[in-house]
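Printed here is run.cif (mmCIF, C-alpha atoms):
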```cif
data_data
loop_
_atom_site.group_PDB
_atom_site.id
_atom_site.type_symbol
_atom_site.label_atom_id
_atom_site.label_comp_id
_atom_site.auth_asym_id
_atom_site.auth_seq_id
_atom_site.Cartn_x
_atom_site.Cartn_y
_atom_site.Cartn_z
ATOM 1 C CA MET A 1 98.433 -85.387 101.491
ATOM 2 C CA SER A 2 101.683 -83.469 100.856
ATOM 3 C CA GLU A 3 104.368 -84.816 98.564
ATOM 4 C CA ASP A 4 106.686 -85.424 101.514
ATOM 5 C CA ALA A 5 103.920 -87.335 103.289
ATOM 6 C CA ASP A 6 103.565 -89.429 100.143
ATOM 7 C CA ARG A 7 107.299 -90.080 100.243
ATOM 8 C CA ALA A 8 107.071 -91.202 103.867
ATOM 9 C CA THR A 9 104.376 -93.704 102.907
ATOM 10 C CA VAL A 10 106.380 -94.994 99.955
ATOM 11 C CA ALA A 11 109.557 -95.266 102.063
ATOM 12 C CA VAL A 12 107.787 -97.655 104.427
ATOM 13 C CA ARG A 13 106.159 -99.590 101.604
ATOM 14 C CA ALA A 14 109.446 -99.967 99.725
ATOM 15 C CA ALA A 15 111.435 -100.958 102.817
ATOM 16 C CA GLU A 16 108.845 -103.561 103.792
ATOM 17 C CA ALA A 17 108.738 -104.994 100.268
ATOM 18 C CA GLY A 18 112.508 -105.230 100.152
ATOM 19 C CA ALA A 19 112.713 -106.685 103.648
ATOM 20 C CA ALA A 20 110.341 -109.457 102.610
ATOM 21 C CA VAL A 21 112.760 -110.450 99.844
ATOM 22 C CA ALA A 22 115.714 -110.444 102.230
ATOM 23 C CA ALA A 23 113.810 -112.336 104.917
ATOM 24 C CA ALA A 24 112.946 -115.114 102.464
ATOM 25 C CA ALA A 25 116.685 -115.739 101.989
ATOM 26 C CA PHE A 26 117.677 -115.370 105.659
ATOM 27 C CA ARG A 27 119.127 -118.562 107.192
ATOM 28 C CA GLN A 28 118.749 -120.389 103.891
ATOM 29 C CA GLY A 29 122.432 -121.125 103.295
ATOM 30 C CA ILE A 30 122.893 -118.350 100.744
ATOM 31 C CA ASP A 31 126.282 -118.001 99.019
ATOM 32 C CA VAL A 32 128.508 -115.204 100.319
ATOM 33 C CA GLU A 33 130.770 -113.052 98.140
ATOM 34 C CA THR A 34 133.270 -110.347 99.099
ATOM 35 C CA LYS A 35 133.703 -106.871 97.634
ATOM 36 C CA ASP A 36 136.605 -104.706 98.833
ATOM 37 C CA GLY A 37 137.836 -106.774 101.757
ATOM 38 C CA LYS A 38 137.504 -110.007 103.706
ATOM 39 C CA THR A 39 134.634 -108.666 105.825
ATOM 40 C CA ASP A 40 132.981 -106.546 103.106
ATOM 41 C CA VAL A 41 130.444 -109.166 102.132
ATOM 42 C CA VAL A 42 127.517 -109.236 99.731
ATOM 43 C CA THR A 43 124.928 -111.804 98.705
ATOM 44 C CA GLN A 44 122.407 -112.233 95.946
ATOM 45 C CA ALA A 45 119.812 -111.315 98.551
ATOM 46 C CA ASP A 46 121.353 -107.822 98.794
ATOM 47 C CA ARG A 47 121.019 -107.330 95.061
ATOM 48 C CA ASP A 48 117.515 -108.787 94.850
ATOM 49 C CA THR A 49 116.356 -106.712 97.805
ATOM 50 C CA GLN A 50 117.707 -103.465 96.364
ATOM 51 C CA ARG A 51 116.023 -104.246 93.054
ATOM 52 C CA ARG A 52 112.678 -104.745 94.796
ATOM 53 C CA VAL A 53 112.986 -101.534 96.808
ATOM 54 C CA ILE A 54 113.725 -99.539 93.659
ATOM 55 C CA GLU A 55 110.767 -101.127 91.861
ATOM 56 C CA VAL A 56 108.400 -99.945 94.588
ATOM 57 C CA VAL A 57 109.902 -96.456 94.697
ATOM 58 C CA GLU A 58 109.660 -96.087 90.933
ATOM 59 C CA GLU A 59 105.981 -97.047 90.954
ATOM 60 C CA SER A 60 105.291 -93.670 92.574
ATOM 61 C CA PHE A 61 108.392 -91.567 91.857
ATOM 62 C CA ALA A 62 109.828 -92.799 88.579
ATOM 63 C CA ASP A 63 111.796 -89.614 87.868
ATOM 64 C CA ASP A 64 113.617 -89.428 91.214
ATOM 65 C CA THR A 65 117.304 -90.219 91.639
ATOM 66 C CA VAL A 66 118.090 -93.445 93.517
ATOM 67 C CA VAL A 67 121.283 -93.863 95.550
ATOM 68 C CA GLY A 68 122.021 -97.468 96.496
ATOM 69 C CA GLU A 69 124.792 -99.533 98.008
ATOM 70 C CA GLU A 70 124.827 -102.339 95.485
ATOM 71 C CA GLY A 71 125.694 -102.592 91.803
ATOM 72 C CA GLU A 72 125.721 -99.659 89.448
ATOM 73 C CA ALA A 73 123.358 -97.466 91.459
ATOM 74 C CA ARG A 74 124.465 -93.907 92.089
ATOM 75 C CA LYS A 75 126.683 -93.592 95.194
ATOM 76 C CA GLU A 76 126.364 -89.885 96.069
ATOM 77 C CA VAL A 77 123.324 -87.966 97.300
ATOM 78 C CA PRO A 78 122.457 -85.019 95.038
ATOM 79 C CA ASP A 79 122.297 -81.610 96.694
ATOM 80 C CA ASP A 80 119.424 -80.567 94.443
ATOM 81 C CA GLY A 81 116.051 -82.177 93.950
ATOM 82 C CA PRO A 82 114.447 -85.336 95.351
ATOM 83 C CA ALA A 83 116.311 -88.605 95.817
ATOM 84 C CA TRP A 84 116.048 -91.966 97.537
ATOM 85 C CA VAL A 85 118.813 -93.681 99.511
ATOM 86 C CA VAL A 86 118.684 -97.480 99.796
ATOM 87 C CA ASP A 87 120.593 -100.025 101.841
ATOM 88 C CA PRO A 88 119.011 -103.389 101.004
ATOM 89 C CA ILE A 89 120.574 -105.256 103.925
ATOM 90 C CA ASP A 90 122.350 -103.054 106.433
ATOM 91 C CA GLY A 91 124.242 -105.556 108.530
ATOM 92 C CA THR A 92 125.048 -108.141 105.866
ATOM 93 C CA ASN A 93 127.745 -109.635 108.102
ATOM 94 C CA ASN A 94 125.028 -110.373 110.660
ATOM 95 C CA PHE A 95 122.722 -111.638 107.917
ATOM 96 C CA VAL A 96 125.234 -114.197 106.639
ATOM 97 C CA ARG A 97 126.021 -115.334 110.203
ATOM 98 C CA ASN A 98 122.321 -115.973 110.869
ATOM 99 C CA ILE A 99 122.138 -113.116 113.382
ATOM 100 C CA ARG A 100 118.787 -111.320 113.383
ATOM 101 C CA VAL A 101 120.175 -107.757 113.681
ATOM 102 C CA TRP A 102 119.933 -106.326 110.154
ATOM 103 C CA ALA A 103 117.641 -103.921 108.358
ATOM 104 C CA THR A 104 116.341 -102.901 104.985
ATOM 105 C CA SER A 105 116.743 -99.139 104.933
ATOM 106 C CA VAL A 106 115.073 -96.512 102.752
ATOM 107 C CA ALA A 107 115.313 -92.741 103.055
ATOM 108 C CA ALA A 108 113.782 -89.983 100.951
ATOM 109 C CA THR A 109 115.774 -86.769 100.614
ATOM 110 C CA ARG A 110 115.149 -83.353 99.160
ATOM 111 C CA ASP A 111 118.067 -81.054 98.309
ATOM 112 C CA GLY A 112 120.386 -83.353 100.243
ATOM 113 C CA GLU A 113 118.310 -83.398 103.444
ATOM 114 C CA PRO A 114 116.187 -86.342 104.623
ATOM 115 C CA VAL A 115 112.419 -85.869 104.698
ATOM 116 C CA ALA A 116 111.295 -89.446 105.454
ATOM 117 C CA SER A 117 112.823 -92.789 106.343
ATOM 118 C CA ALA A 118 112.138 -96.404 107.221
ATOM 119 C CA ASN A 119 114.328 -99.122 108.721
ATOM 120 C CA VAL A 120 112.613 -102.507 108.639
ATOM 121 C CA LEU A 121 114.040 -105.346 110.761
ATOM 122 C CA PRO A 122 111.988 -108.358 109.628
ATOM 123 C CA ALA A 123 113.909 -110.944 111.656
ATOM 124 C CA CYS A 124 113.275 -108.905 114.815
ATOM 125 C CA GLY A 125 109.720 -107.885 113.959
ATOM 126 C CA ASP A 126 110.457 -104.157 114.244
ATOM 127 C CA VAL A 127 109.772 -101.254 111.894
ATOM 128 C CA TYR A 128 111.372 -97.884 112.655
ATOM 129 C CA THR A 129 110.075 -94.894 110.683
ATOM 130 C CA ALA A 130 110.257 -91.122 110.630
ATOM 131 C CA ASP A 131 108.266 -88.470 108.805
ATOM 132 C CA ALA A 132 107.750 -84.716 109.094
ATOM 133 C CA ASP A 133 105.992 -85.071 112.443
ATOM 134 C CA GLY A 134 108.072 -87.529 114.440
ATOM 135 C CA ALA A 135 109.719 -90.919 114.788
ATOM 136 C CA TYR A 136 107.983 -94.217 115.403
ATOM 137 C CA LEU A 137 108.598 -97.838 116.369
ATOM 138 C CA ASN A 138 105.947 -100.206 115.073
ATOM 139 C CA GLY A 139 103.623 -97.260 114.586
ATOM 140 C CA THR A 140 104.002 -95.865 118.109
ATOM 141 C CA SER A 141 105.678 -92.498 118.617
ATOM 142 C CA VAL A 142 109.138 -92.687 120.207
ATOM 143 C CA SER A 143 111.653 -90.223 121.574
ATOM 144 C CA VAL A 144 115.288 -90.316 122.571
ATOM 145 C CA SER A 145 116.400 -91.346 126.044
ATOM 146 C CA ASP A 146 116.260 -88.771 128.851
ATOM 147 C CA VAL A 147 119.444 -90.085 130.500
ATOM 148 C CA SER A 148 121.754 -87.167 131.302
ATOM 149 C CA ASP A 149 124.328 -88.918 133.498
ATOM 150 C CA PRO A 150 127.148 -90.304 131.307
ATOM 151 C CA GLU A 151 127.762 -93.063 133.840
ATOM 152 C CA ARG A 152 124.248 -94.368 133.139
ATOM 153 C CA ALA A 153 124.593 -94.051 129.368
ATOM 154 C CA THR A 154 125.234 -96.802 126.813
ATOM 155 C CA VAL A 155 127.198 -95.679 123.753
ATOM 156 C CA VAL A 156 128.139 -97.584 120.603
ATOM 157 C CA PRO A 157 131.082 -97.463 118.174
ATOM 158 C CA THR A 158 128.944 -97.352 115.027
ATOM 159 C CA PHE A 159 131.201 -98.864 112.400
ATOM 160 C CA TRP A 160 133.832 -101.561 112.126
ATOM 161 C CA TRP A 161 137.265 -100.056 111.407
ATOM 162 C CA ASP A 162 139.313 -101.824 108.742
ATOM 163 C CA PHE A 163 142.518 -103.666 109.578
ATOM 164 C CA ASP A 164 144.722 -100.663 108.759
ATOM 165 C CA HIS A 165 142.733 -98.512 111.241
ATOM 166 C CA ARG A 166 142.564 -100.870 114.195
ATOM 167 C CA GLU A 167 144.221 -98.314 116.477
ATOM 168 C CA GLU A 168 141.193 -96.096 115.879
ATOM 169 C CA TYR A 169 138.849 -98.983 116.702
ATOM 170 C CA ALA A 170 140.714 -99.476 119.972
ATOM 171 C CA ALA A 171 140.687 -95.747 120.677
ATOM 172 C CA ALA A 172 136.925 -95.576 120.079
ATOM 173 C CA THR A 173 136.162 -98.400 122.488
ATOM 174 C CA ARG A 174 138.521 -96.986 125.099
ATOM 175 C CA ALA A 175 136.967 -93.536 124.771
ATOM 176 C CA ILE A 176 133.545 -95.052 125.400
ATOM 177 C CA VAL A 177 134.402 -97.332 128.329
ATOM 178 C CA GLU A 178 136.296 -94.535 130.077
ATOM 179 C CA ARG A 179 133.345 -92.122 129.887
ATOM 180 C CA PHE A 180 130.107 -94.083 129.883
ATOM 181 C CA GLY A 181 128.274 -96.780 131.769
ATOM 182 C CA ASP A 182 128.431 -99.416 129.050
ATOM 183 C CA LEU A 183 129.218 -100.237 125.423
ATOM 184 C CA ARG A 184 127.488 -102.262 122.717
ATOM 185 C CA ARG A 185 128.170 -102.949 119.027
ATOM 186 C CA PHE A 186 125.380 -104.342 116.890
ATOM 187 C CA GLY A 187 126.967 -104.689 113.444
ATOM 188 C CA SER A 188 124.367 -102.518 111.704
ATOM 189 C CA ALA A 189 124.639 -98.737 111.651
ATOM 190 C CA GLN A 190 120.990 -98.241 110.749
ATOM 191 C CA VAL A 191 119.827 -100.469 113.593
ATOM 192 C CA THR A 192 122.124 -98.613 115.990
ATOM 193 C CA LEU A 193 120.837 -95.204 114.899
ATOM 194 C CA SER A 194 117.268 -96.457 115.170
ATOM 195 C CA MET A 195 117.945 -97.557 118.734
ATOM 196 C CA VAL A 196 119.265 -94.106 119.639
ATOM 197 C CA ALA A 197 116.078 -92.618 118.197
ATOM 198 C CA SER A 198 113.866 -94.961 120.208
ATOM 199 C CA GLY A 199 115.714 -94.397 123.499
ATOM 200 C CA SER A 200 117.396 -97.790 123.783
ATOM 201 C CA LEU A 201 120.864 -96.226 123.479
ATOM 202 C CA GLU A 202 122.213 -92.814 124.437
ATOM 203 C CA GLY A 203 124.745 -92.335 121.650
ATOM 204 C CA THR A 204 126.934 -93.655 118.858
ATOM 205 C CA ILE A 205 130.200 -92.466 117.313
ATOM 206 C CA THR A 206 132.541 -92.761 114.378
ATOM 207 C CA ASN A 207 135.369 -90.536 113.187
ATOM 208 C CA GLU A 208 135.073 -91.685 109.576
ATOM 209 C CA GLN A 209 133.129 -90.289 106.652
ATOM 210 C CA THR A 210 130.150 -92.579 106.311
ATOM 211 C CA ASN A 211 128.179 -93.933 103.377
ATOM 212 C CA PRO A 212 124.776 -92.291 102.928
ATOM 213 C CA TRP A 213 122.949 -95.634 102.798
ATOM 214 C CA ASP A 214 124.382 -96.539 106.214
ATOM 215 C CA THR A 215 123.276 -93.366 107.932
ATOM 216 C CA ILE A 216 120.718 -90.977 106.431
ATOM 217 C CA ALA A 217 117.570 -92.887 107.393
ATOM 218 C CA GLY A 218 118.629 -93.324 111.018
ATOM 219 C CA VAL A 219 119.914 -89.769 111.332
ATOM 220 C CA HIS A 220 116.485 -88.491 110.301
ATOM 221 C CA MET A 221 114.870 -90.700 112.939
ATOM 222 C CA ILE A 222 117.115 -89.388 115.703
ATOM 223 C CA ARG A 223 116.421 -85.786 114.826
ATOM 224 C CA GLN A 224 112.681 -86.386 114.606
ATOM 225 C CA ALA A 225 112.853 -88.136 117.992
ATOM 226 C CA GLY A 226 114.487 -85.097 119.608
ATOM 227 C CA GLY A 227 118.145 -86.134 119.437
ATOM 228 C CA THR A 228 121.292 -84.469 118.106
ATOM 229 C CA VAL A 229 123.572 -85.507 115.231
ATOM 230 C CA THR A 230 126.801 -83.629 114.461
ATOM 231 C CA ASP A 231 130.167 -84.073 112.805
ATOM 232 C CA LEU A 232 133.434 -84.303 114.751
ATOM 233 C CA HIS A 233 133.508 -80.534 115.193
ATOM 234 C CA GLY A 234 130.022 -80.272 116.625
ATOM 235 C CA ASN A 235 128.490 -78.898 113.438
ATOM 236 C CA ARG A 236 125.181 -80.198 112.134
ATOM 237 C CA TRP A 237 125.780 -83.512 110.358
ATOM 238 C CA ARG A 238 124.991 -83.928 106.676
ATOM 239 C CA HIS A 239 125.585 -86.770 104.263
ATOM 240 C CA ASP A 240 129.091 -85.622 103.291
ATOM 241 C CA SER A 241 130.352 -84.817 106.809
ATOM 242 C CA THR A 242 133.468 -86.354 108.313
ATOM 243 C CA GLY A 243 132.541 -88.279 111.426
ATOM 244 C CA LEU A 244 129.096 -88.955 112.823
ATOM 245 C CA VAL A 245 128.244 -88.236 116.454
ATOM 246 C CA ALA A 246 124.658 -89.018 117.423
ATOM 247 C CA SER A 247 123.071 -88.804 120.851
ATOM 248 C CA ASN A 248 119.973 -88.102 122.868
ATOM 249 C CA GLY A 249 121.219 -84.513 123.193
ATOM 250 C CA ALA A 250 121.519 -84.629 126.972
ATOM 251 C CA VAL A 251 124.940 -86.327 126.843
ATOM 252 C CA HIS A 252 126.028 -84.983 123.481
ATOM 253 C CA ASP A 253 129.026 -83.047 124.776
ATOM 254 C CA ASP A 254 130.401 -86.232 126.337
ATOM 255 C CA VAL A 255 129.653 -88.314 123.240
ATOM 256 C CA LEU A 256 131.344 -85.696 121.062
ATOM 257 C CA GLU A 257 134.372 -85.714 123.354
ATOM 258 C CA ALA A 258 134.618 -89.481 122.974
ATOM 259 C CA ALA A 259 134.406 -89.242 119.179
ATOM 260 C CA ARG A 260 137.094 -86.575 119.050
ATOM 261 C CA ALA A 261 139.352 -88.694 121.245
ATOM 262 C CA ILE A 262 139.540 -91.367 118.517
ATOM 263 C CA GLU A 263 142.026 -89.218 116.630
ATOM 264 C CA GLY A 264 143.321 -87.347 119.676
ATOM 265 C CA LEU A 265 141.581 -84.138 118.600
ATOM 266 C CA ASP A 266 141.145 -83.050 122.222
ATOM 267 C CA ASP A 267 144.800 -83.575 123.138
#
```
Can you dump the structure from the file as structure tokens?
Amino acid sequence: MSEDADRATVAVRAAEAGAAVAAAAFRQGIDVETKDGKTDVVTQADRDTQRRVIEVVEESFADDTVVGEEGEARKEVPDDGPAWVVDPIDGTNNFVRNIRVWATSVAATRDGEPVASANVLPACGDVYTADADGAYLNGTSVSVSDVSDPERATVVPTFWWDFDHREEYAAATRAIVERFGDLRRFGSAQVTLSMVASGSLEGTITNEQTNPWDTIAGVHMIRQAGGTVTDLHGNRWRHDSTGLVASNGAVHDDVLEAARAIEGLDD
């Protein structure tokens, strides 16, 4: 087995171990804290879950860098060498509201590029993964949607915009409803990206620079499932890009146009 195949196995193992910790606290009346804003929430379950994920990763790859959302973990993905990117509970706002749509996310990277990933949704019973050969839902190979008609497509504004950027939130939703058949918002970027990879959605957009723990695992899944992920200018997305535009490829030009309309870039 190659080293990257080993990393794919460990990504799943670590995400499942962490998800078990989070699931044990789900709907148990856990205390909620805030970080940088009223809706930027965190719980002890986030911290405990991240700790468990890192423990499992370090059992096999003790010398690798770990990037994680919580605590003192590194916040930037290195451009050289192997690293792991962890979001213990992506969708904590859903988690604390007793909504099942959240994931424990783990990605392995090499030289800044993802090589394996796992998004485990224990409350939904779903495990999304990607390795060097493809993308999978519960162990079955998946691919992006084949919808090519924008009026049949469902597209998602990936992230919540803060209160001082609400005009961009409004612009994003307007850009979607004017171009596509329907709109959703799930409150978890990794779940959304996983759904694009598995063909449940046709695209998702944001104009903002994203956190690596919110995105890298799902981006890898979309690419391995045959989809397209770019920045706002149509260039190949990477962890330090501005904007994230992901689609099944067939409607990517329309999805990109919607993303660019958030800031009036096509005016």
Where does the PyMOL selection byres ((chain A and resi 260) around 12) land in this file, that is, which residues does it pick, as a count of residues only? 32
I need the residue nearest Glu113 in chain A from this list: A:Trp84, A:Arg97, A:Ala189, A:Ala153. Use all atoms listed in the file for the distance.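 Using all atoms listed in the file, Glu113 in chain A sits closest to A:Trp84.
Considering the residues A:Asp182, A:Asp164, A:Glu151, A:Asp133 and counting all atoms listed in the file, His220 in chain A has its shortest atom-to-atom contact with A:Asp133.
The gap separating CA of Asp111 in chain A from CA of Val144 in chain A is 26.1 Å, in Å to one decimal.
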Could you work out how far CA of Ala107 in chain A lies from CA of Asp63 in chain A, giving the answer in Å with one decimal? 15.9 Å
Point (111.2, -109.7, 102.1) neighbourhood (12 Å, all atoms listed in the file) written as a PyMOL selection string: chain A and resi 13-26+45-46+48-53+88-89+103-104+120-123
Neighbour list for range 65-79 of chain A as a PyMOL selection string, cut-off 9 Å, only C-alpha atoms, skip fewer than 5 positions in-chain: chain A and resi 42+46-47+50+54+57+84-88+109-113+211-214+239-240
Keeping only C-alpha atoms, write the selected residues to a file as a PDB file, in the frame of the given file.
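What follows is the written file selection.pdb:
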```
ATOM      1  CA  VAL A  42     127.517-109.236  99.731  1.00  0.00           C
ATOM      2  CA  ASP A  46     121.353-107.822  98.794  1.00  0.00           C
ATOM      3  CA  ARG A  47     121.019-107.330  95.061  1.00  0.00           C
ATOM      4  CA  GLN A  50     117.707-103.465  96.364  1.00  0.00           C
ATOM      5  CA  ILE A  54     113.725 -99.539  93.659  1.00  0.00           C
ATOM      6  CA  VAL A  57     109.902 -96.456  94.697  1.00  0.00           C
ATOM      7  CA  TRP A  84     116.048 -91.966  97.537  1.00  0.00           C
ATOM      8  CA  VAL A  85     118.813 -93.681  99.511  1.00  0.00           C
ATOM      9  CA  VAL A  86     118.684 -97.480  99.796  1.00  0.00           C
ATOM     10  CA  ASP A  87     120.593-100.025 101.841  1.00  0.00           C
ATOM     11  CA  PRO A  88     119.011-103.389 101.004  1.00  0.00           C
ATOM     12  CA  THR A 109     115.774 -86.769 100.614  1.00  0.00           C
ATOM     13  CA  ARG A 110     115.149 -83.353  99.160  1.00  0.00           C
ATOM     14  CA  ASP A 111     118.067 -81.054  98.309  1.00  0.00           C
ATOM     15  CA  GLY A 112     120.386 -83.353 100.243  1.00  0.00           C
ATOM     16  CA  GLU A 113     118.310 -83.398 103.444  1.00  0.00           C
ATOM     17  CA  ASN A 211     128.179 -93.933 103.377  1.00  0.00           C
ATOM     18  CA  PRO A 212     124.776 -92.291 102.928  1.00  0.00           C
ATOM     19  CA  TRP A 213     122.949 -95.634 102.798  1.00  0.00           C
ATOM     20  CA  ASP A 214     124.382 -96.539 106.214  1.00  0.00           C
ATOM     21  CA  HIS A 239     125.585 -86.770 104.263  1.00  0.00           C
ATOM     22  CA  ASP A 240     129.091 -85.622 103.291  1.00  0.00           C
TER      23      ASP A 240
END
```
Given the PyMOL selection byres ((chain A and resi 223) around 12), the residues it picks as number ranges by chain: A: 113-117, 129-136, 142-144, 193-194, 196-198, 216-222, 224-230, 236-238, 246-249
Show me as an MDAnalysis selection string the residues that reach within 6 Å of (109.4, -87.6, 102.3), counting only C-alpha atoms and using the file's own coordinates. chainID A and resid 4:5 7:8 108 115:116
